[in-house]
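**Student:** Next up, query.txt (compact mmCIF, C-alpha atoms).
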# COMPACT_ATOMS: atom_id res chain seq x y z
CA MET A 1 0.00 0.00 0.00
CA GLN A 2 1.37 3.40 -0.99
CA THR A 3 1.61 6.16 1.62
CA ILE A 4 0.64 9.79 1.07
CA LEU A 5 1.48 12.62 3.47
CA ILE A 6 -1.09 15.45 3.42
CA VAL A 7 0.23 18.79 4.72
CA ASP A 8 -2.33 21.59 5.19
CA ASP A 9 -3.23 23.84 8.11
CA ASP A 10 -6.93 23.62 7.11
CA ALA A 11 -8.49 20.63 8.90
CA ASP A 12 -11.44 20.50 6.48
CA ILE A 13 -9.16 20.19 3.47
CA ARG A 14 -7.13 17.47 5.16
CA GLU A 15 -10.29 15.58 6.01
CA GLY A 16 -11.62 15.85 2.45
CA LEU A 17 -8.35 14.62 0.98
CA ARG A 18 -8.12 11.82 3.53
CA ILE A 19 -11.62 10.57 2.65
CA LEU A 20 -10.94 10.70 -1.10
CA LEU A 21 -7.51 9.09 -1.01
CA SER A 22 -8.21 6.44 1.62
CA GLY A 23 -11.17 5.42 -0.52
CA GLU A 24 -8.61 4.62 -3.22
CA HIS A 25 -6.75 2.41 -0.74
CA TYR A 26 -3.84 4.74 -0.01
CA MET A 27 -2.40 4.93 3.49
CA ILE A 28 -2.73 8.51 4.74
CA LEU A 29 -0.52 10.54 7.07
CA GLU A 30 -1.43 14.10 8.05
CA ALA A 31 0.40 17.21 9.22
CA ASP A 32 -1.08 20.62 10.05
CA SER A 33 2.22 22.54 9.89
CA GLY A 34 5.56 22.52 8.14
CA ALA A 35 7.42 21.42 11.26
CA GLN A 36 5.04 18.51 11.78
CA ALA A 37 5.38 17.51 8.14
CA LEU A 38 9.17 17.29 8.38
CA ALA A 39 8.87 15.27 11.58
CA ARG A 40 6.58 12.77 9.83
CA MET A 41 8.66 12.40 6.68
CA SER A 42 10.27 9.00 6.27
CA ASP A 43 11.32 6.56 3.56
CA THR A 44 7.83 5.03 3.70
CA VAL A 45 6.21 8.18 2.23
CA ASP A 46 5.56 7.83 -1.52
CA LEU A 47 3.93 11.22 -2.19
CA VAL A 48 3.56 14.56 -0.37
CA ILE A 49 0.52 16.78 -0.99
CA LEU A 50 1.66 20.15 0.28
CA ASP A 51 -0.18 23.43 0.80
CA ILE A 52 1.96 26.45 -0.06
CA MET A 53 0.27 29.10 2.09
CA MET A 54 0.71 27.99 5.71
CA PRO A 55 1.48 30.06 8.80
CA GLY A 56 4.99 29.72 10.17
CA MET A 57 6.97 27.55 7.79
CA SER A 58 5.60 27.93 4.25
CA GLY A 59 5.09 25.01 1.92
CA LEU A 60 7.97 26.24 -0.23
CA HIS A 61 10.34 26.06 2.73
CA VAL A 62 9.03 22.61 3.64
CA CYS A 63 9.64 21.47 0.05
CA GLU A 64 13.21 22.74 0.10
CA GLU A 65 13.89 20.86 3.35
CA ILE A 66 12.37 17.64 2.01
CA ARG A 67 14.49 17.90 -1.13
CA LYS A 68 17.64 17.85 1.01
CA ARG A 69 16.94 14.24 1.91
CA SER A 70 14.37 12.77 -0.45
CA ALA A 71 13.32 12.64 -4.10
CA VAL A 72 9.71 11.83 -3.14
CA PRO A 73 7.21 13.55 -5.50
CA ILE A 74 5.59 16.71 -4.13
CA LEU A 75 2.21 17.99 -5.32
CA PHE A 76 1.60 21.61 -4.34
CA LEU A 77 -1.89 22.80 -3.42
CA THR A 78 -2.56 26.51 -3.49
CA ALA A 79 -5.21 29.13 -4.04
CA LYS A 80 -2.87 30.88 -6.46
CA ALA A 81 -3.04 29.93 -10.11
CA GLN A 82 -0.73 32.41 -11.88
CA GLU A 83 2.08 30.96 -14.02
CA SER A 84 4.66 32.83 -11.95
CA ASP A 85 3.35 31.20 -8.78
CA LYS A 86 3.56 27.77 -10.39
CA LEU A 87 7.15 28.42 -11.44
CA VAL A 88 8.17 29.38 -7.90
CA GLY A 89 6.77 26.09 -6.62
CA LEU A 90 8.45 24.01 -9.29
CA VAL A 91 11.79 25.75 -8.82
CA ALA A 92 11.58 25.05 -5.08
CA GLY A 93 11.52 21.35 -5.94
CA GLY A 94 7.85 20.57 -6.46
CA ASP A 95 6.78 18.10 -9.14
CA ASP A 96 3.27 19.32 -9.89
CA TYR A 97 0.83 22.07 -8.97
CA LEU A 98 -2.92 21.96 -8.31
CA ALA A 99 -4.92 25.14 -7.75
CA LYS A 100 -7.86 25.22 -5.33
CA PRO A 101 -10.68 24.46 -5.84
CA PHE A 102 -9.96 21.26 -7.72
CA SER A 103 -12.07 18.33 -8.86
CA TYR A 104 -11.81 14.77 -7.59
CA ALA A 105 -10.88 13.55 -11.09
CA GLU A 106 -8.12 16.14 -11.47
CA LEU A 107 -6.66 15.33 -8.05
CA MET A 108 -6.63 11.59 -8.65
CA GLY A 109 -5.13 12.03 -12.10
CA ARG A 110 -2.21 14.03 -10.69
CA VAL A 111 -1.72 11.67 -7.73
CA LYS A 112 -1.67 8.52 -9.84
CA ALA A 113 0.65 10.03 -12.44
CA LEU A 114 3.18 11.15 -9.82
CA LEU A 115 3.11 7.82 -8.00
CA ARG A 116 3.46 5.86 -11.24
CA ARG A 117 6.42 7.96 -12.30
CA TYR A 118 8.12 7.64 -8.91
CA CYS A 119 7.45 4.01 -8.04
CA VAL A 120 7.45 2.40 -11.48
CA TYR A 121 9.29 4.35 -14.16
CA ARG A 122 12.19 5.64 -12.09
CA GLY A 123 11.99 3.28 -9.16
CA LYS A 124 11.51 4.30 -5.56
CA ALA A 125 14.45 2.24 -4.36
CA GLN A 126 16.78 3.87 -6.85
CA ALA A 127 15.65 7.40 -5.99
CA GLY A 128 15.79 6.76 -2.28
CA ALA A 129 19.29 5.36 -2.56
CA LEU A 130 20.57 8.70 -3.79
CA SER A 131 20.29 10.32 -0.39
CA ARG A 132 22.16 8.95 2.63
CA ASP A 133 23.69 10.78 5.59
CA ASN A 134 22.96 14.14 3.98
CA MET A 135 24.96 13.15 0.91
CA LEU A 136 23.95 12.46 -2.66
CA SER A 137 25.78 9.85 -4.69
CA ALA A 138 25.26 8.79 -8.30
CA ARG A 139 27.31 7.99 -11.41
CA GLY A 140 30.60 8.25 -9.50
CA ILE A 141 29.76 11.70 -8.13
CA LYS A 142 29.24 12.32 -4.41
CA ILE A 143 28.03 15.68 -3.12
CA SER A 144 27.50 17.02 0.39
CA LEU A 145 24.15 18.74 0.93
CA ASP A 146 25.48 20.80 3.83
CA TYR A 147 28.41 22.58 2.21
CA ASN A 148 30.31 22.92 -1.04
CA GLN A 149 32.21 19.65 -1.11
CA VAL A 150 32.13 17.28 -4.09
CA TRP A 151 33.99 14.09 -4.99
CA VAL A 152 34.24 12.70 -8.52
CA ARG A 153 35.31 9.08 -8.83
CA GLY A 154 36.78 9.24 -5.33
CA LYS A 155 38.73 12.47 -5.83
CA GLU A 156 37.61 15.75 -4.29
CA VAL A 157 37.05 18.55 -6.82
CA GLU A 158 36.64 22.26 -6.22
CA LEU A 159 33.46 23.89 -7.52
CA THR A 160 32.47 27.53 -7.38
CA ASP A 161 29.42 28.29 -5.27
CA LEU A 162 27.23 28.63 -8.38
CA GLU A 163 28.55 25.40 -9.92
CA TYR A 164 27.86 23.59 -6.66
CA LYS A 165 24.30 24.94 -6.47
CA ILE A 166 23.57 23.88 -10.05
CA LEU A 167 24.90 20.37 -9.43
CA ARG A 168 23.01 20.03 -6.16
CA LEU A 169 19.75 21.17 -7.79
CA LEU A 170 20.06 18.65 -10.62
CA MET A 171 21.24 15.74 -8.46
CA GLN A 172 18.43 16.29 -5.97
CA ASN A 173 15.98 15.88 -8.84
CA PRO A 174 17.50 13.14 -11.04
CA GLN A 175 15.97 12.66 -14.48
CA ARG A 176 13.90 15.83 -14.13
CA ILE A 177 14.45 18.38 -16.91
CA PHE A 178 15.23 21.93 -15.78
CA SER A 179 14.99 24.77 -18.27
CA THR A 180 17.64 27.49 -18.20
CA GLN A 181 15.01 29.73 -16.62
CA ASN A 182 14.37 27.17 -13.86
CA ILE A 183 18.08 26.91 -13.14
CA TYR A 184 18.78 30.64 -13.26
CA GLU A 185 15.93 31.70 -10.97
CA SER A 186 16.63 28.88 -8.52
CA VAL A 187 20.44 29.24 -8.34
CA TRP A 188 20.96 32.96 -8.92
CA GLY A 189 17.73 33.98 -7.16
CA GLU A 190 17.08 36.73 -9.69
CA PRO A 191 14.43 37.36 -12.36
CA TYR A 192 15.19 35.58 -15.62
CA PHE A 193 15.90 37.41 -18.87
CA TYR A 194 16.80 35.91 -22.24
CA ILE A 195 20.41 37.03 -21.84
CA SER A 196 20.62 34.76 -18.78
CA ASN A 197 20.73 31.74 -21.13
CA GLY A 198 24.38 32.43 -21.87
CA THR A 199 25.23 32.72 -18.19
CA VAL A 200 23.73 29.32 -17.42
CA MET A 201 25.38 27.69 -20.44
CA VAL A 202 28.83 28.94 -19.42
CA HIS A 203 28.47 27.54 -15.90
CA ILE A 204 27.14 24.21 -17.21
CA ARG A 205 30.16 23.98 -19.54
CA LYS A 206 32.61 24.68 -16.70
CA LEU A 207 30.83 22.22 -14.42
CA ARG A 208 31.10 19.48 -17.03
CA VAL A 209 34.85 20.00 -17.26
CA LYS A 210 35.08 19.24 -13.54
CA ILE A 211 32.69 16.28 -13.21
CA GLU A 212 32.60 14.51 -16.58
CA ALA A 213 35.19 12.00 -17.78
CA ASP A 214 34.67 13.43 -21.27
CA PRO A 215 33.15 16.93 -21.10
CA GLN A 216 32.49 16.88 -24.87
CA ASN A 217 30.34 13.77 -24.47
CA PRO A 218 28.77 14.15 -21.01
CA ARG A 219 27.11 11.10 -19.48
CA CYS A 220 25.80 12.72 -16.28
CA LEU A 221 24.86 16.33 -16.93
CA LYS A 222 22.78 15.99 -20.09
CA THR A 223 21.37 18.56 -22.46
CA VAL A 224 17.80 17.85 -23.57
CA TRP A 225 17.50 19.84 -26.77
CA GLY A 226 14.83 22.53 -26.70
CA LYS A 227 14.02 21.84 -23.05
CA GLY A 228 17.02 22.25 -20.77
CA TYR A 229 19.27 20.05 -18.65
CA ARG A 230 18.96 16.99 -16.43
CA PHE A 231 21.14 14.76 -14.27
CA GLU A 232 21.13 11.30 -15.83
CA ILE A 233 21.33 8.35 -13.42
CA ASN A 234 20.11 5.50 -15.60
CA GLY A 235 22.97 5.35 -18.06
CA THR A 236 20.67 5.69 -21.08
CA GLU A 237 21.68 7.76 -24.07
CA ASP A 238 18.30 9.15 -25.13
CA ALA A 239 19.32 12.77 -24.45
CA GLN A 240 21.96 14.22 -26.70
CA ALA A 241 25.05 15.71 -25.09
How does the structure come out when it is put into structure tokens?

**Tutor:**
Amino acid sequence: MQTILIVDDDADIREGLRILLSGEHYMILEADSGAQALARMSDTVDLVILDIMMPGMSGLHVCEEIRKRSAVPILFLTAKAQESDKLVGLVAGGDDYLAKPFSYAELMGRVKALLRRYCVYRGKAQAGALSRDNMLSARGIKISLDYNQVWVRGKEVELTDLEYKILRLLMQNPQRIFSTQNIYESVWGEPYFYISNGTVMVHIRKLRVKIEADPQNPRCLKTVWGKGYRFEINGTEDAQA
């Protein structure tokens, strides 16, 4: 049985979601605050449904903390529906976004898609294995989540702060495609303009020189033409370097 953690300070919303999802035979955990959500996170959680607008610790902050230790899919719930609001949630590490009010069919469609992607296509065990002792490790690269320290094939390499943040963002979300806008606004923390494309490309190129065995034919930090970049952990060659 798959486990879903519902995080919302509104008891009525939690109750409604619990009734709907338990009726579909999911195991439900609940949290009414960000702090409680982090306390209830564990390797048994397969999906987090997370309200953005909560008193105290916001859903965005909760998402960022979860991403430090887990690749579990996160579905944001919010009353906001503007594209800019969606982008903020996705950049913070969310996987999908559902605006209130929402229909039962829409909710279940998003939930099932995220769970299928996580537990079948990518593999929960594989994703969970990436994060241990506040470290990420994949494809011969090991990165500390606490500070700028990275090892490539057993040898420590020095990254600039921006290179480190880019690598951490991509490794925390393996296989997920990030556009240059996603990367720029998440890492630089500034509004994106078209000229920012060049800035991101330069840093990606320098990062590849430091982490790839063959920077001209990268196997980890992939370019997905017309879409952006992703950290490849499966060893497939479907994205062109």

**Student:** A:Met57, A:Leu207, A:Leu115, A:Leu20: which is nearest A:Ala71, counting all atoms listed in the file?

**Tutor:** A:Leu115

**Student:** Just how far from atom CA of A:Leu75 is atom CA of A:Pro101, in Å to one decimal?

**Tutor:**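 So the answer is 14.4 Å.
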
**Student:** Which residue, A:Arg208, A:Met171, A:Val187, A:Met53, has the smallest gap to A:Ile233 when you use all atoms listed in the file?

**Tutor:**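 Of A:Arg208, A:Met171, A:Val187, A:Met53, the one nearest A:Ile233 is A:Met171, counting all atoms listed in the file.
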
**Student:** Which residue is closest to A:Trp151? Choose from A:Thr199, A:Gly34, A:Lys210, A:Ser186 and count only C-alpha atoms.

**Tutor:**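 Of the candidates, the smallest distance to A:Trp151 is held by A:Lys210.
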
**Student:** What lies within 8 Å of stretch 175-182 of chain A using all atoms listed in the file, ignoring chain neighbours under 4 positions off, as a list in words?

**Tutor:**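 Those residues are Leu87, Val91, Leu170, Ser186, Tyr192, Ser196, Asn197, Val200, Val224, Lys227, Gly228, Tyr229, Arg230, Phe231, Glu232 and Ile233 of chain A.
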
**Student:** Would you pick out the contacts of A:Met54 at 8 Å or less, using all atoms listed in the file, so that residues sharing its chain but fewer than 6 positions from it are not included, and give the list as a PyMOL selection string?

**Tutor:** chain A and resi 8-9+33-34

**Student:** Hey, can you check how far atom CA of A:Met1 sits from atom CA of A:Ile49?

**Tutor:**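 Atom CA of A:Met1 sits 16.8 Å away from atom CA of A:Ile49.
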
**Student:** Under the rule that all atoms listed in the file are counted, which of A:His203, A:Gly140, A:Gly16, A:Ala92 is the nearest residue to A:Tyr104?

**Tutor:**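 Of the candidates, the smallest distance to A:Tyr104 is held by A:Gly16.
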
**Student:** Given 6 Å on each side, where is the centre and what are the edge lengths in Å to one decimal of the axis-aligned box enclosing the listed atoms of stretch 101-110 of chain A, as JSON?

**Tutor:**
{"center_x": -7.1, "center_y": 18.0, "center_z": -9.0, "size_x": 21.9, "size_y": 24.9, "size_z": 18.3}
